[in-house]
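Please read the structure below before turning to the comments.
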Amino acid sequence: MLISDEFTNPIKRRAMMEKRMRKVAGIEAAVPPPALSGPRDADVTLIGWGSTKGVVEEACEILNDEGIPANQLQIRWLVPLHGDAILEILKDSRHTIIVENNYSGQVCALPAQRNQFCAKRAHSQIRRRTLHAAPYCGGGERTTRRADETLRSHARDYGLRRETPMATSVQRASQLTMADMKGKVDPDWCPGCGDFGVLAAVQKALVELRIPNHNVVTISGIGCSSNFPGYMNTYGMHTLHGRALAVATGLKLANHELTVLVTGGDGDGFGIGGNHFVHSMRRNVDVLYIVMDNQIYGLTTGQTSPTSRVGMKTKSMPFGNIEAPINPISLALAAGATYVARGYSGEQKHLTELIKQGIEHPGFSFLDVFSPCVTYNHDNTYQWFRPRVKKLEDEAGYDAAVWTAAMEKSLLWGDEIPIGKFFERTDVPTLHGAEPVLNEGPLVHLDPKVPPDVARSFIEELM
Ligand SMILES: Cc1ncc(C[n+]2csc(CCOP(=O)(O)OP(=O)(O)O)c2C)c(N)n1
Ligand code: SF4
Ligand SMILES: [Mg+2]
């Protein structure tokens with residue numbers, strides 16, 4: 001049997017390979033790099049190669065007709081790839097969808113392959129964009145129409161559908177409406193529950209601040225109020241009882257460009273989660289923490305909570321609560337929260353303004369919201385709150401920059417209960433701002449400087 005010594009002699013093999021690579025490099029100079037077709041300032045870039053050309057063209061037309069500006073980057077050759085030219089084009093792409101007519105996702109695998117060779121450029125630059133692969137299986141027997149339908153349904157699945165957070169992100173932020181913020185699931189709260197008012201106010205605040213859904217993450221613990229993320233069309237996590245702030249801290253440090261909303265109840269936040277509450281404020285984690293404070297455990301059908309008043313009869317204390325409640329506003333001020341406010345779900349407009357302030361505040365924003373539980377708390381009802389709540393904004397001379405004045409106001413309880421902004425300061429660095437590593441940009445965009453196999457085994461160990 002004869003075997004070419006190109007395969008057996010390593011020196012010859014190397015020489016042959018280098019010769020081929022020189023040829024390929026020559027071709028790269030001879031063939032034009034791929035160019036974008038369609039509007040330059042598009043929300044979605046569809047990347048296709050080979051036989052996907054026609055269907056991608058058609059998908060672009062349809063998307064543009066539907067008011068979603070889309071353009072097309074058609075790659076003619078994978079070798080030579082013109083990788084730098086492609087990366088340059090993708091720098092301006094807001095959402096990128098790779099459309100592939102093969103089983104293995106060859107084009108999509110390229111960024112990862114390139115990462116082996118020139119780690120920083122290919123990988124981090126592509127990862128900075130929302131990169132989605134929409135491979136579909138094709139073959140001779142499929143008609144163009146069928147392929148086109150497949151592509152469009154993949155494109156929807158990967159982000160162009162209204163119900164997904166990504167979907168509304170392709171809309172211009174100025175066109176956001178309340179409907180865009182609505183989650184797929186309708187709330188299962190009891191009719192009249194105060195949490196409905198908080199949900200509407202959060203959605204309104206995001207629309208008014210024009211924050212696209214895909215930039216928002218809503219994180220909760222466990223409780224009626226903690227079902228909140230399911231009712232929002234944002235990214236979200238329904239975590240463990242009392243652990244929402246811990247998860248939110250990790251998330252904010254991983255990507256501090258995101259707007260992080262933490263939502264939950266008084267039991268979740270001040271009872272089991274009391275430790276995280278105090279330390280998140282001390283650290284000035286840049287999140288908005290909204291507590292739907294109904295002074296009871298609602299989900300578990302009416303037990304005493306850390307904010308239940310002395311004497312209140314509940315399932316767990318049928319002869320009346322013997323424990324003094326905590327004062328969330330004083331506690332937040334003492335722990336170093338840099339924005340401290342109280343809202344009432346019966347005062348929608350006012351609540352929306354407080355949520356907007358909290359989102360925009362750089363640092364930990366704490367918003368305690370009276371959100372009556374109409375089923376289990378028969379003491380602190382809408383009728384009870386309505387005559388008592390007084391807006392701090394209506395009080396001439398109240399200065400929310402003065403911590404001692406805020407502390408004094410926080411102690412008021414009875415015929416008059418202040419709502420509004422108690423305190424704000426903006427001169428304290430946020431946790432992510434104080435962390436030098438993050439000065440280079442969000443952690444998710446930084447080169448981990450760890451070989452991929454080491455990173456993979458580390459992640460696998462944690463899973
Ligand atoms: C570790 C753990 N302990 C206890 C529970 C049971 N549990 C679920 S929700 C909840 C209290 C909910 O009260 P709150 O946070 O005030 O929310 P609400 O239902 O009133 O909105 C409790 C004790 C749990 N799920 N996990
Ligand atoms: S039990 Fe109370 S807190 Fe839970 S949904 Fe019903 S009214 Fe709201
Ligand atoms: Mg509660």
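Please note that chains go A, B, ... in the order of the structure tokens, that every chain numbers its residues from 1, and that ligands are numbered from 1 in the order shown.
Proximal residues of ligand 1 are Ile222, Gly223, Cys224, Ser225, Ser226, Leu240, His241, Gly264, Gly265, Asp266, Gly267, Asp268, Gly269, Met292, Asp293, Asn294, Gln295, Ile296, Tyr297, Gly298, Leu299, Thr300 and Ser305 of chain A, by a cut-off of 7 Å on only C-alpha atoms and all ligand atoms.
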Go ahead and write the residues just picked, C-alpha atoms, as a PDB file, in the first residue's frame.
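And here's selection-v7.pdb as it stands now:
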```
ATOM      1  CA  ILE A 222     -41.744  33.402  47.304  1.00  0.00           C
ATOM      2  CA  GLY A 223     -45.171  34.735  48.259  1.00  0.00           C
ATOM      3  CA  CYS A 224     -48.303  36.060  46.520  1.00  0.00           C
ATOM      4  CA  SER A 225     -46.407  39.253  45.718  1.00  0.00           C
ATOM      5  CA  SER A 226     -43.369  37.263  44.623  1.00  0.00           C
ATOM      6  CA  LEU A 240     -36.224  31.038  46.823  1.00  0.00           C
ATOM      7  CA  HIS A 241     -38.073  32.470  49.814  1.00  0.00           C
ATOM      8  CA  GLY A 264     -41.649  40.567  47.022  1.00  0.00           C
ATOM      9  CA  GLY A 265     -43.520  40.610  50.292  1.00  0.00           C
ATOM     10  CA  ASP A 266     -42.912  41.717  53.860  1.00  0.00           C
ATOM     11  CA  GLY A 267     -42.444  38.117  55.038  1.00  0.00           C
ATOM     12  CA  ASP A 268     -40.036  37.373  52.229  1.00  0.00           C
ATOM     13  CA  GLY A 269     -37.994  40.562  52.582  1.00  0.00           C
ATOM     14  CA  MET A 292     -45.556  44.778  48.689  1.00  0.00           C
ATOM     15  CA  ASP A 293     -46.141  45.192  52.385  1.00  0.00           C
ATOM     16  CA  ASN A 294     -49.515  43.759  53.417  1.00  0.00           C
ATOM     17  CA  GLN A 295     -48.454  43.101  57.005  1.00  0.00           C
ATOM     18  CA  ILE A 296     -49.318  39.418  56.690  1.00  0.00           C
ATOM     19  CA  TYR A 297     -48.199  36.174  55.052  1.00  0.00           C
ATOM     20  CA  GLY A 298     -50.716  36.037  52.217  1.00  0.00           C
ATOM     21  CA  LEU A 299     -49.620  32.985  50.245  1.00  0.00           C
ATOM     22  CA  THR A 300     -49.579  30.707  53.282  1.00  0.00           C
ATOM     23  CA  SER A 305     -45.456  38.795  59.496  1.00  0.00           C
TER      24      SER A 305
END
```
Find the residues near ligand 2. Use a cut-off of 7 Å, count only C-alpha atoms and all ligand atoms, and write them as a PyMOL selection string. chain A and resi 188-190+192-195+224-225+294+298-299+301+372-376
Work out how far CA of Ala248 in chain A is from CA of Tyr231 in chain A, in Å to one decimal.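 We find that CA of Tyr231 in chain A and CA of Ala248 in chain A lie 18.1 Å from each other.
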Using CA of Asp41 in chain A and CA of Glu57 in chain A as the two end points, give the distance in Å to one decimal.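 CA of Asp41 in chain A sits 16.7 Å away from CA of Glu57 in chain A.
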Excluding same-chain residues fewer than 2 positions from Glu360 in chain A, what lies within 10 Å of it counting only C-alpha atoms, as a ChimeraX atom specification? /A:209,259,286-288,354-358,362-363,365
Mind checking DSSP for range 178-259 of chain A and telling me the helix (DSSP H, G or I) residues as a count of residues only? 40
Which is closer to Gln383 in chain A than all the others in A:Ser457, A:Gly346, A:Lys315, A:Met463, using only C-alpha atoms? A:Gly346
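Excluding Pro34 in chain A itself and same-chain residues fewer than 5 positions from it, the residues having an atom within 7 Å of it are Leu73, Gln74 and Ile75 of chain A, counting only C-alpha atoms.
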Please write the residues from the selection above to a file, keeping N, CA and C atoms, as an mmCIF file, in the first residue's frame.
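Listed below is the output, out14.cif:
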```cif
data_model
loop_
_atom_site.group_PDB
_atom_site.id
_atom_site.type_symbol
_atom_site.label_atom_id
_atom_site.label_comp_id
_atom_site.auth_asym_id
_atom_site.auth_seq_id
_atom_site.Cartn_x
_atom_site.Cartn_y
_atom_site.Cartn_z
ATOM 1 N N LEU A 73 -27.203 40.206 5.962
ATOM 2 C CA LEU A 73 -25.784 40.031 5.677
ATOM 3 C C LEU A 73 -25.638 38.626 5.101
ATOM 4 N N GLN A 74 -25.410 38.555 3.809
ATOM 5 C CA GLN A 74 -25.336 37.241 3.168
ATOM 6 C C GLN A 74 -23.873 36.855 3.001
ATOM 7 N N ILE A 75 -23.497 35.761 3.604
ATOM 8 C CA ILE A 75 -22.105 35.306 3.514
ATOM 9 C C ILE A 75 -21.999 34.319 2.356
#
```
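Across the structure, CA of Asn284 in chain A and CA of Phe228 in chain A are spaced 23.4 Å apart.
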Near Asn321 in chain A, counting only C-alpha atoms, which residues have an atom at most 9 Å away, once you skip same-chain residues fewer than 3 positions from it, shown as a ChimeraX atom specification? /A:304,308-314,316-318,324
Val31 in chain A surroundings by only C-alpha atoms, 10 Å radius, close-in-sequence under 6 positions cut, as a ChimeraX atom specification: /A:76-77,80,82
